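Q: Supplied structure: my_file_34.cif, mmCIF, C-alpha atoms.
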```
data_input
loop_
_atom_site.label_atom_id
_atom_site.label_comp_id
_atom_site.auth_asym_id
_atom_site.auth_seq_id
_atom_site.Cartn_x
_atom_site.Cartn_y
_atom_site.Cartn_z
CA MET A 719 0.00 0.00 0.00
CA SER A 720 1.44 3.38 -0.97
CA THR A 721 2.15 6.17 1.50
CA LYS A 722 -0.22 9.10 1.21
CA ILE A 723 1.25 12.57 1.79
CA LEU A 724 -0.75 15.80 2.09
CA THR A 725 0.96 19.15 1.40
CA VAL A 726 -0.86 22.16 2.82
CA ASP A 727 0.70 25.26 1.28
CA ASP A 728 -0.79 28.26 -0.51
CA SER A 729 2.05 28.12 -3.04
CA LYS A 730 1.26 25.89 -6.00
CA MET A 731 4.97 25.78 -6.68
CA VAL A 732 5.78 24.26 -3.28
CA ARG A 733 3.02 21.67 -3.75
CA MET A 734 4.54 20.85 -7.15
CA ILE A 735 8.06 20.55 -5.70
CA VAL A 736 6.84 18.14 -3.01
CA ALA A 737 4.97 16.09 -5.63
CA SER A 738 8.00 15.88 -7.92
CA THR A 739 10.32 15.02 -4.99
CA PHE A 740 8.28 11.91 -4.17
CA LYS A 741 7.67 10.89 -7.79
CA PRO A 742 10.25 8.04 -7.67
CA TYR A 743 8.62 6.66 -4.51
CA ASP A 744 5.51 4.61 -3.97
CA CYS A 745 3.57 7.62 -2.73
CA GLU A 746 0.27 9.30 -3.41
CA ILE A 747 0.49 13.07 -3.09
CA VAL A 748 -2.52 15.26 -2.34
CA GLY A 749 -2.56 19.01 -1.81
CA ALA A 750 -4.50 21.85 -0.22
CA ALA A 751 -4.05 25.59 -0.76
CA ASP A 752 -4.95 26.81 2.73
CA GLY A 753 -5.44 25.58 6.26
CA GLY A 754 -9.22 25.25 6.07
CA GLU A 755 -9.00 23.15 2.92
CA GLY A 756 -6.12 21.23 4.50
CA VAL A 757 -8.27 20.02 7.40
CA GLU A 758 -11.07 18.99 5.01
CA VAL A 759 -8.70 17.09 2.72
CA ALA A 760 -7.01 15.41 5.71
CA ILE A 761 -10.39 14.15 7.02
CA LYS A 762 -11.37 12.85 3.57
CA GLU A 763 -8.03 11.41 2.43
CA GLN A 764 -6.59 10.22 5.76
CA PRO A 765 -2.94 10.83 4.73
CA ASN A 766 -0.04 9.10 6.50
CA LEU A 767 1.87 12.38 6.76
CA ILE A 768 1.14 16.10 6.42
CA PHE A 769 3.58 18.83 5.33
CA LEU A 770 2.25 22.11 6.70
CA ASP A 771 3.20 25.71 5.88
CA ILE A 772 2.62 28.51 8.43
CA THR A 773 2.02 31.73 6.45
CA MET A 774 -1.28 30.98 4.70
CA PRO A 775 -4.65 32.63 4.19
CA VAL A 776 -7.90 31.49 5.90
CA LEU A 777 -6.25 29.45 8.69
CA ASP A 778 -2.52 29.82 9.25
CA GLY A 779 -0.39 26.73 9.79
CA LEU A 780 -0.46 26.81 13.59
CA GLN A 781 -4.25 27.30 13.69
CA THR A 782 -4.52 24.42 11.23
CA LEU A 783 -2.28 22.25 13.38
CA GLN A 784 -4.43 23.04 16.44
CA LYS A 785 -7.55 22.05 14.45
CA ILE A 786 -5.92 18.81 13.29
CA ARG A 787 -5.03 17.89 16.87
CA GLU A 788 -8.60 18.65 18.01
CA THR A 789 -10.24 16.54 15.30
CA PRO A 790 -10.34 12.91 16.50
CA SER A 791 -10.27 11.31 13.02
CA ILE A 792 -7.00 13.06 12.04
CA ALA A 793 -5.42 13.95 15.41
CA HIS A 794 -2.98 11.04 15.19
CA ILE A 795 -1.48 11.99 11.78
CA PRO A 796 2.18 13.03 11.94
CA VAL A 797 2.72 16.65 10.86
CA VAL A 798 5.96 18.17 9.60
CA MET A 799 6.14 21.96 9.46
CA LEU A 800 7.54 23.16 6.12
CA THR A 801 7.85 26.89 6.61
CA ALA A 802 10.04 29.97 6.30
CA GLU A 803 9.07 31.01 9.83
CA SER A 804 11.37 29.28 12.28
CA ASP A 805 11.73 31.77 15.13
CA GLY A 806 11.63 30.74 18.77
CA GLN A 807 7.93 31.66 19.18
CA ARG A 808 6.78 29.62 16.16
CA LEU A 809 8.99 26.68 17.10
CA ALA A 810 7.68 26.60 20.66
CA ALA A 811 4.06 26.78 19.45
CA ALA A 812 4.56 23.95 16.94
CA ASP A 813 6.48 21.87 19.47
CA SER A 814 3.65 22.16 22.00
CA LEU A 815 1.28 20.73 19.35
CA ASN A 816 3.43 17.66 18.90
CA VAL A 817 4.97 18.04 15.44
CA SER A 818 7.12 15.26 14.02
CA GLY A 819 9.60 17.57 12.30
CA TYR A 820 10.42 21.11 11.27
CA ILE A 821 11.92 21.88 7.88
CA PRO A 822 12.77 25.54 7.40
CA LYS A 823 12.38 27.05 3.94
CA PRO A 824 14.43 27.35 1.79
CA PHE A 825 14.81 23.57 1.69
CA LYS A 826 16.42 20.89 -0.41
CA PRO A 827 14.22 18.01 -1.65
CA GLU A 828 16.61 15.55 0.09
CA GLN A 829 15.53 17.01 3.44
CA LEU A 830 11.92 16.03 2.71
CA ILE A 831 12.87 12.47 1.79
CA GLU A 832 15.25 12.01 4.71
CA LEU A 833 12.72 13.14 7.31
CA THR A 834 9.76 11.37 5.69
CA ALA A 835 11.65 8.06 5.71
CA LYS A 836 12.10 8.42 9.47
CA ILE A 837 8.36 8.87 10.04
CA VAL A 838 6.47 6.68 7.51
CA PRO A 839 7.35 3.76 5.20
CA LEU A 840 8.98 5.08 2.03
CA THR A 841 9.83 2.66 -0.77
CA LEU A 842 10.99 3.28 -4.32
CA LYS A 843 8.53 2.36 -7.09
CA ALA A 844 9.15 -1.08 -8.57
CA MET B 273 8.57 25.21 28.47
CA PRO B 274 11.84 24.07 26.86
CA ALA B 275 14.49 26.71 26.12
CA PRO B 276 14.50 28.04 22.51
CA GLU B 277 17.98 26.59 21.86
CA ASP B 278 16.81 23.15 23.07
CA ILE B 279 13.86 23.24 20.65
CA ARG B 280 16.18 24.24 17.78
CA GLU B 281 18.42 21.32 18.63
CA LYS B 282 15.46 18.92 18.87
CA TYR B 283 14.47 19.73 15.27
CA HIS B 284 18.08 19.81 14.02
CA LEU B 285 17.95 23.53 13.19
CA SER B 286 21.11 25.64 13.04
CA PRO B 287 21.85 27.86 16.02
CA LEU B 288 20.88 31.53 15.83
CA PRO B 289 23.14 33.34 13.33
CA ALA B 290 25.64 35.84 14.75
CA ASN B 291 24.06 38.73 12.85
CA VAL B 292 20.71 38.12 14.61
CA GLN B 293 22.47 38.19 17.97
CA ARG B 294 24.22 41.41 16.92
CA LEU B 295 20.91 43.09 16.04
CA GLY B 296 19.42 41.97 19.37
CA LYS B 297 22.41 43.37 21.24
CA LEU B 298 22.19 46.69 19.39
CA LEU B 299 18.46 47.02 20.04
CA GLN B 300 18.74 46.09 23.72
CA GLY B 301 21.33 48.81 24.31
CA GLY B 302 19.64 51.02 21.76
CA PHE B 303 19.75 54.76 22.00
CA ASP B 304 21.55 54.97 25.33
CA GLN B 305 24.68 53.34 23.95
CA ASN B 306 27.63 55.46 22.97
CA ALA B 307 29.38 55.16 19.61
CA THR B 308 32.19 53.01 21.03
CA GLU B 309 29.71 50.43 22.36
CA ILE B 310 27.84 50.27 19.04
CA ALA B 311 31.11 50.16 17.11
CA SER B 312 32.27 47.20 19.19
CA ILE B 313 29.14 45.25 18.13
CA ILE B 314 29.79 46.05 14.46
CA LYS B 315 33.54 45.41 14.63
CA ALA B 316 32.86 41.74 15.37
CA ASP B 317 32.13 41.35 11.64
CA GLU B 318 34.68 42.63 9.13
CA SER B 319 32.37 42.81 6.12
CA LEU B 320 29.70 44.61 8.16
CA THR B 321 32.33 47.09 9.34
CA ARG B 322 33.35 47.75 5.73
CA ARG B 323 29.72 48.18 4.74
CA VAL B 324 28.93 50.66 7.51
CA ILE B 325 32.02 52.73 6.61
CA HIS B 326 31.14 52.52 2.91
CA ILE B 327 27.62 53.84 3.60
CA ALA B 328 28.89 56.55 5.96
CA THR B 329 31.30 57.83 3.30
CA ASN B 330 28.81 57.41 0.42
CA GLY B 331 31.29 54.99 -1.11
CA ARG B 332 33.89 57.74 -1.63
CA LYS B 333 37.56 57.01 -1.04
CA ARG B 334 39.22 59.28 1.56
CA ASP B 335 42.85 60.12 2.22
CA THR B 336 42.40 59.14 5.87
CA PRO B 337 40.13 56.10 6.27
CA LEU B 338 37.04 56.75 8.38
CA GLU B 339 37.08 54.95 11.72
CA ILE B 340 34.06 52.80 12.56
CA GLU B 341 33.27 54.95 15.63
CA ALA B 342 33.11 58.05 13.41
CA ALA B 343 30.94 56.17 10.91
CA VAL B 344 28.53 55.23 13.72
CA ILE B 345 28.28 58.86 14.87
CA ARG B 346 27.73 60.01 11.29
CA LEU B 347 24.96 57.47 10.57
CA GLY B 348 23.15 57.27 13.92
CA VAL B 349 21.47 54.28 15.58
CA SER B 350 18.43 54.20 13.26
CA SER B 351 20.55 53.93 10.13
CA ILE B 352 22.86 51.37 11.73
CA THR B 353 19.78 49.31 12.62
CA LEU B 354 18.67 49.47 8.99
CA VAL B 355 22.13 48.32 7.86
CA LEU B 356 21.96 45.34 10.22
CA MET B 357 18.45 44.52 9.01
CA SER B 358 19.48 44.72 5.37
CA GLU B 359 22.33 42.35 6.20
CA LEU B 360 19.70 39.83 7.38
CA ILE B 361 17.77 40.32 4.13
CA ILE B 362 20.90 39.83 2.00
CA ASN B 363 21.65 36.57 3.80
CA ALA B 364 18.05 35.37 3.38
CA VAL B 365 18.00 36.19 -0.36
CA THR B 366 21.34 34.58 -1.17
CA ARG B 367 20.51 31.46 0.85
CA THR B 368 17.08 31.14 -0.79
CA TYR B 369 18.49 31.43 -4.33
CA ASP B 370 21.38 29.13 -3.53
CA THR B 371 19.22 26.41 -1.93
CA MET B 372 16.11 26.52 -4.09
CA LEU B 373 17.55 27.58 -7.46
CA ARG B 374 21.21 26.51 -7.22
CA ALA B 375 22.04 30.06 -8.32
CA LYS B 376 24.75 32.32 -6.91
CA MET B 377 23.78 35.95 -6.45
CA LYS B 378 26.30 38.73 -6.91
CA PRO B 379 25.70 42.15 -5.34
CA LEU B 380 24.79 44.86 -7.84
CA ASP B 381 26.16 48.30 -7.00
CA PHE B 382 23.83 50.24 -9.28
CA GLN B 383 20.09 50.52 -9.85
CA VAL B 384 18.49 49.44 -13.11
CA GLU B 385 15.13 50.78 -14.20
CA LEU B 386 12.98 47.75 -14.98
CA ASP B 387 10.27 48.42 -17.58
CA GLY B 388 8.10 45.40 -16.93
CA GLN B 389 8.58 43.80 -13.55
CA MET B 390 6.87 41.37 -11.22
CA VAL B 391 6.70 42.98 -7.80
CA GLY B 392 5.99 41.02 -4.63
CA ALA B 393 5.27 42.78 -1.33
CA ILE B 394 5.02 41.39 2.17
CA THR B 395 4.07 43.38 5.28
CA ILE B 396 5.64 43.11 8.72
CA ALA B 397 3.58 44.33 11.68
CA GLY B 398 4.24 44.48 15.42
CA LYS B 399 7.17 45.95 17.38
CA VAL B 400 8.69 46.65 14.01
CA GLN B 401 6.67 47.73 10.98
CA GLY B 402 7.54 47.75 7.36
CA LYS B 403 7.51 46.07 3.99
CA VAL B 404 9.83 43.87 2.01
CA PHE B 405 9.59 44.00 -1.78
CA LEU B 406 11.02 41.59 -4.32
CA ARG B 407 11.29 42.81 -7.92
CA LEU B 408 12.24 40.75 -10.94
CA PRO B 409 12.12 41.52 -14.66
CA ASP B 410 9.20 39.76 -16.32
CA ASN B 411 11.51 38.08 -18.86
CA LEU B 412 12.95 36.01 -16.01
CA ALA B 413 9.80 33.85 -15.79
CA SER B 414 11.02 30.87 -17.83
CA TRP B 415 14.45 30.76 -16.21
CA LEU B 416 12.98 30.94 -12.71
CA VAL B 417 10.25 28.35 -13.23
CA ASP B 418 12.72 25.98 -14.96
CA ARG B 419 15.12 26.28 -12.03
CA PHE B 420 12.40 25.60 -9.48
CA LEU B 421 10.48 22.83 -11.19
CA GLY B 422 12.70 21.56 -13.99
CA PRO B 423 12.29 22.21 -17.73
CA ASP B 424 8.81 21.79 -19.26
CA ALA B 425 7.16 21.26 -15.86
CA VAL B 426 4.44 23.73 -16.85
CA PRO B 427 3.24 24.64 -20.38
CA ASP B 428 3.38 28.40 -19.81
CA PRO B 429 5.91 29.58 -17.15
CA LYS B 430 4.31 33.04 -17.10
CA GLU B 431 1.15 31.54 -15.61
CA ILE B 432 2.99 30.43 -12.49
CA PHE B 433 5.50 33.31 -12.37
CA GLY B 434 3.49 35.28 -9.80
CA ASP B 435 3.22 32.24 -7.53
CA VAL B 436 6.98 31.64 -7.80
CA VAL B 437 7.80 35.26 -6.93
CA GLY B 438 5.32 35.12 -4.04
CA GLU B 439 6.93 31.98 -2.63
CA LEU B 440 10.47 33.35 -3.04
CA LEU B 441 9.38 36.44 -1.14
CA ASN B 442 7.63 34.31 1.47
CA MET B 443 10.92 32.51 2.08
CA VAL B 444 12.96 35.73 2.24
CA GLY B 445 10.34 37.56 4.33
CA GLY B 446 9.75 34.57 6.61
CA ASN B 447 13.44 34.22 7.38
CA PHE B 448 13.76 37.97 7.95
CA LYS B 449 10.71 38.04 10.23
CA SER B 450 12.04 35.05 12.20
CA ASN B 451 15.39 36.84 12.63
CA LEU B 452 13.62 39.98 13.90
CA VAL B 453 11.58 37.96 16.41
CA ASP B 454 14.70 36.16 17.62
CA ALA B 455 16.44 39.54 17.97
CA GLY B 456 13.62 40.65 20.31
CA LEU B 457 11.32 42.43 17.83
CA SER B 458 8.07 40.47 18.08
CA CYS B 459 6.17 40.79 14.79
CA THR B 460 3.93 39.02 12.30
CA LEU B 461 4.10 38.53 8.55
CA SER B 462 1.37 38.93 5.95
CA VAL B 463 0.88 36.61 2.99
CA PRO B 464 2.62 38.06 -0.09
CA THR B 465 0.79 40.15 -2.69
CA VAL B 466 2.19 39.94 -6.20
CA GLY B 467 1.52 41.87 -9.41
CA MET B 468 3.03 43.26 -12.61
CA GLU B 469 4.14 46.89 -12.36
CA GLY B 470 5.80 49.44 -14.58
CA LYS B 471 7.69 51.97 -12.48
CA PHE B 472 8.24 50.98 -8.85
CA ASP B 473 7.36 53.47 -6.12
CA PRO B 474 7.91 52.35 -2.50
CA GLN B 475 6.01 55.44 -1.17
CA THR B 476 8.31 56.38 1.70
CA ASP B 477 7.67 59.17 4.23
CA ASP B 478 9.61 60.99 6.98
CA ASP B 479 8.82 58.26 9.52
CA SER B 480 10.27 55.47 7.43
CA GLN B 481 13.66 54.39 6.18
CA TYR B 482 14.20 52.79 2.81
CA THR B 483 17.01 50.84 1.24
CA SER B 484 17.24 48.93 -2.02
CA MET B 485 19.54 45.95 -2.52
CA GLY B 486 20.40 44.87 -6.03
CA PHE B 487 21.68 41.48 -7.14
CA SER B 488 22.71 39.90 -10.38
CA VAL B 489 21.66 36.31 -11.05
CA ASP B 490 22.85 34.72 -14.28
CA GLY B 491 23.22 38.26 -15.65
CA ALA B 492 19.66 39.31 -14.75
CA PRO B 493 18.95 41.99 -12.12
CA VAL B 494 16.90 41.21 -9.00
CA PHE B 495 16.02 43.83 -6.41
CA VAL B 496 14.97 43.48 -2.80
CA ASP B 497 13.71 46.65 -1.14
CA LEU B 498 13.27 47.18 2.56
CA GLN B 499 11.03 49.89 3.92
CA MET B 500 10.91 50.09 7.71
CA LYS B 501 9.28 52.52 10.11
CA ARG B 502 12.05 54.23 12.09
CA ILE B 503 12.65 52.53 15.45
CA THR B 504 12.83 55.17 18.15
CA GLU B 505 12.59 53.10 21.34
CA THR B 506 14.86 50.55 22.95
CA LEU B 507 13.61 47.05 23.65
#
```
As structure tokens - that is how I would like this structure written.

A:
Amino acid sequence: MSTKILTVDDSKMVRMIVASTFKPYDCEIVGAADGGEGVEVAIKEQPNLIFLDITMPVLDGLQTLQKIRETPSIAHIPVVMLTAESDGQRLAAADSLNVSGYIPKPFKPEQLIELTAKIVPLTLKA
Amino acid sequence: MPAPEDIREKYHLSPLPANVQRLGKLLQGGFDQNATEIASIIKADESLTRRVIHIATNGRKRDTPLEIEAAVIRLGVSSITLVLMSELIINAVTRTYDTMLRAKMKPLDFQVELDGQMVGAITIAGKVQGKVFLRLPDNLASWLVDRFLGPDAVPDPKEIFGDVVGELLNMVGGNFKSNLVDAGLSCTLSVPTVGMEGKFDPQTDDDSQYTSMGFSVDGAPVFVDLQMKRITETL
């Protein structure tokens, strides 16, 4: 069974970079353009892992993370912050909501793969 | 609550850069510090020292080199703060281009009037207020999209050009904002707004300071502009 990854980021380009990074792997990639949509997609798709930006319209990343943790059907899903905001305040807030990783932007695709492989099964396509 | 440095270590993030600590130190001492104290903060970094002297002398060569203390007196704390902030921006821009686009940026010492340009703006609000602009010529769309996503990833690079500029600015602005917060200036960041413009007008006033930083990437000019409300209080 393939690993399903949800990218919640208002930048189409970032969603495309994540999708192309995992192309060689047995992964299904889904995306959402803001926090509100991200929660809806997470409930419907039940991904194995979520990459979450912070600076977004509608619900920002930390509000979205709070919502994910409060929603029983998706509260257990590991979340990795993928964001340009990595100051002490943001880090402490994300840490208190039990994130599985923090990748500061700018990032290299290898960082996504390396961290993902530590959290969920990641196998190359046959 | 765990200490900030412990959280950084937990998520394998680099320690706070020296230039962020320098800005924090300058702002904590602020307007009560004398020139020697401020100069000692700047002197810790040779290239920053050269830059402050260069700005204080308008880039003109002198028979007797200007001492850093004299440069500090000439510029004043507000301008020195802006120099330190622009240093953070320069680092954020070069790191973003290097990491995401595998492109080395060279500083550009002159301004170029761009006829058609994509302009991104991001607003910082809180203890410090201002805007960061990113400006790129519109003919850079294909190069930029290719570098980000690989060749032929999208049929028309111009369609996604605005999104790419917005995300580049989000990375630069997000890093800058994080540096300001870690230096003691609590603030928030807006989502970027992006649009095509002819002539660029940052609309400055007496309360604000403005500086424009030019770069050359693969022969094409890129500008980052910083407009900040003058800081008049210590932390």

Q: Enumerate, as a ChimeraX atom specification, the residues matched when the PyMOL selection byres ((chain B) within 10 of (chain A)) is run on the file above.

A: /B:273-277,279-280,282-285,288,364-365,367-373,417,420-422,425,432-455,458,460-464

Q: As a check of understanding, name the residues that the PyMOL selection byres ((chain B and resi 408) around 7) selects in the supplied structure, as an NGL selection string.

A: :B and (389-391 or 406-407 or 409-410 or 412 or 493-495)

Q: If you count only C-alpha atoms, which residues fall within 12 Å of Ala793 (chain A), apart from same-chain ones fewer than 5 positions away, as a compact mmCIF listing (two decimals) with C-alpha atoms, keeping the file's coordinate frame?

A:
```
# COMPACT_ATOMS: atom_id res chain seq x y z
CA VAL A 757 -8.27 20.02 7.40
CA ALA A 760 -7.01 15.41 5.71
CA ILE A 761 -10.39 14.15 7.02
CA GLN A 764 -6.59 10.22 5.76
CA PRO A 765 -2.94 10.83 4.73
CA ASN A 766 -0.04 9.10 6.50
CA LEU A 767 1.87 12.38 6.76
CA ILE A 768 1.14 16.10 6.42
CA THR A 782 -4.52 24.42 11.23
CA LEU A 783 -2.28 22.25 13.38
CA GLN A 784 -4.43 23.04 16.44
CA LYS A 785 -7.55 22.05 14.45
CA ILE A 786 -5.92 18.81 13.29
CA ARG A 787 -5.03 17.89 16.87
CA GLU A 788 -8.60 18.65 18.01
CA LEU A 815 1.28 20.73 19.35
CA ASN A 816 3.43 17.66 18.90
CA VAL A 817 4.97 18.04 15.44
```

Q: Just so the selection is clear, what residues does the PyMOL selection byres ((chain B and resi 488) around 12) cover here, as a list in words?

A: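 Selected by the PyMOL selection byres ((chain B and resi 488) around 12) here: Val365, Thr366, Tyr369, Ala375, Lys376, Met377, Lys378, Pro379, Leu380, Asp381, Phe382, Gln383, Val384, Leu408, Pro409, Leu412, Met485, Gly486, Phe487, Val489, Asp490, Gly491, Ala492, Pro493, Val494, Phe495 and Val496 of chain B.
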
Q: Mind pulling up the distance from CA of Asp418 (chain B) to CA of Gly470 (chain B)?

A: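 Taking CA of Gly470 (chain B) and CA of Asp418 (chain B), their separation equals 24.5 Å.
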
Q: Using CA of Pro287 (chain B) and CA of Ile396 (chain B) as the two end points, give the distance in Å to one decimal.

A: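 Straight-line distance from CA of Pro287 (chain B) to CA of Ile396 (chain B) works out to 23.4 Å.
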
Q: Could you give me, as a PyMOL selection string, the residues that have an atom at most 12 Å away from the point (9.7, 1.7, 1.2) in the coordinates of the file, using only C-alpha atoms?

A: chain A and resi 719-721+740+742-745+831+834-844

Q: Quick one: distance from CA of Phe472 (chain B) to CA of Met357 (chain B) in Å, one decimal?

A: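 CA of Met357 (chain B) lies at a distance of 21.6 Å from CA of Phe472 (chain B).
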
Q: Could you check which of B:Asn291, B:Thr308, B:Asn411, B:Gln499 is closest to Asp477 (chain B), using all atoms listed in the file?

A: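 Using all atoms listed in the file, Asp477 (chain B) sits closest to B:Gln499.
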
Q: From the options A:Ala812, A:Ala737, A:Leu800, A:Leu724, which residue's atoms come nearest to Ala750 (chain A), counting all atoms listed in the file?

A: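 So, comparing all the options, the nearest one is A:Leu724.
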
Q: So which residues touch Glu318 (chain B) within 12 Å, counting only C-alpha atoms, skipping near sequence neighbours fewer than 6 positions away, as a ChimeraX atom specification?

A: /B:291,311-312,324-325,340

Q: Since the input lacks some atoms of region 470-487 of chain B, please model N, CA, C and O atoms and print them as a short mmCIF file (atom, residue, chain, number, x, y, z; two decimals), in the coordinates of the input.

A:
```
data_model
loop_
_atom_site.label_atom_id
_atom_site.label_comp_id
_atom_site.auth_asym_id
_atom_site.auth_seq_id
_atom_site.Cartn_x
_atom_site.Cartn_y
_atom_site.Cartn_z
N GLY B 470 4.86 48.73 -13.72
CA GLY B 470 5.80 49.44 -14.58
C GLY B 470 6.87 50.03 -13.69
O GLY B 470 7.77 49.35 -13.25
N LYS B 471 6.72 51.31 -13.36
CA LYS B 471 7.69 51.97 -12.48
C LYS B 471 7.38 51.61 -11.02
O LYS B 471 6.21 51.56 -10.62
N PHE B 472 8.42 51.37 -10.25
CA PHE B 472 8.24 50.98 -8.85
C PHE B 472 8.33 52.21 -7.94
O PHE B 472 9.26 53.01 -8.05
N ASP B 473 7.34 52.36 -7.06
CA ASP B 473 7.36 53.47 -6.12
C ASP B 473 7.09 52.94 -4.71
O ASP B 473 5.97 52.54 -4.39
N PRO B 474 8.12 52.91 -3.84
CA PRO B 474 7.91 52.35 -2.50
C PRO B 474 7.10 53.25 -1.57
O PRO B 474 6.73 52.83 -0.47
N GLN B 475 6.80 54.47 -1.96
CA GLN B 475 6.01 55.44 -1.17
C GLN B 475 6.54 55.60 0.26
O GLN B 475 5.87 55.20 1.22
N THR B 476 7.72 56.17 0.37
CA THR B 476 8.31 56.38 1.70
C THR B 476 7.85 57.73 2.27
O THR B 476 7.40 58.60 1.54
N ASP B 477 7.96 57.88 3.60
CA ASP B 477 7.67 59.17 4.23
C ASP B 477 8.75 59.46 5.28
O ASP B 477 9.69 58.70 5.42
N ASP B 478 8.58 60.58 6.02
CA ASP B 478 9.61 60.99 6.98
C ASP B 478 9.80 59.98 8.12
O ASP B 478 10.86 59.91 8.72
N ASP B 479 8.75 59.21 8.41
CA ASP B 479 8.82 58.26 9.52
C ASP B 479 9.51 56.96 9.14
O ASP B 479 9.75 56.10 9.98
N SER B 480 9.74 56.78 7.84
CA SER B 480 10.27 55.47 7.43
C SER B 480 11.64 55.59 6.78
O SER B 480 12.04 56.65 6.29
N GLN B 481 12.35 54.48 6.81
CA GLN B 481 13.66 54.39 6.18
C GLN B 481 13.53 53.40 5.02
O GLN B 481 12.77 52.42 5.12
N TYR B 482 14.31 53.65 4.00
CA TYR B 482 14.20 52.79 2.81
C TYR B 482 15.59 52.46 2.28
O TYR B 482 16.47 53.31 2.24
N THR B 483 15.76 51.21 1.90
CA THR B 483 17.01 50.84 1.24
C THR B 483 16.71 49.79 0.17
O THR B 483 15.79 48.97 0.33
N SER B 484 17.44 49.86 -0.93
CA SER B 484 17.24 48.93 -2.02
C SER B 484 18.51 48.13 -2.25
O SER B 484 19.60 48.70 -2.31
N MET B 485 18.37 46.81 -2.31
CA MET B 485 19.54 45.95 -2.52
C MET B 485 19.42 45.27 -3.88
O MET B 485 18.42 44.61 -4.14
N GLY B 486 20.42 45.46 -4.71
CA GLY B 486 20.40 44.87 -6.03
C GLY B 486 21.31 43.66 -6.13
O GLY B 486 22.35 43.60 -5.49
N PHE B 487 20.89 42.69 -6.92
CA PHE B 487 21.68 41.48 -7.14
C PHE B 487 21.67 41.14 -8.61
O PHE B 487 20.74 41.51 -9.34
#
```
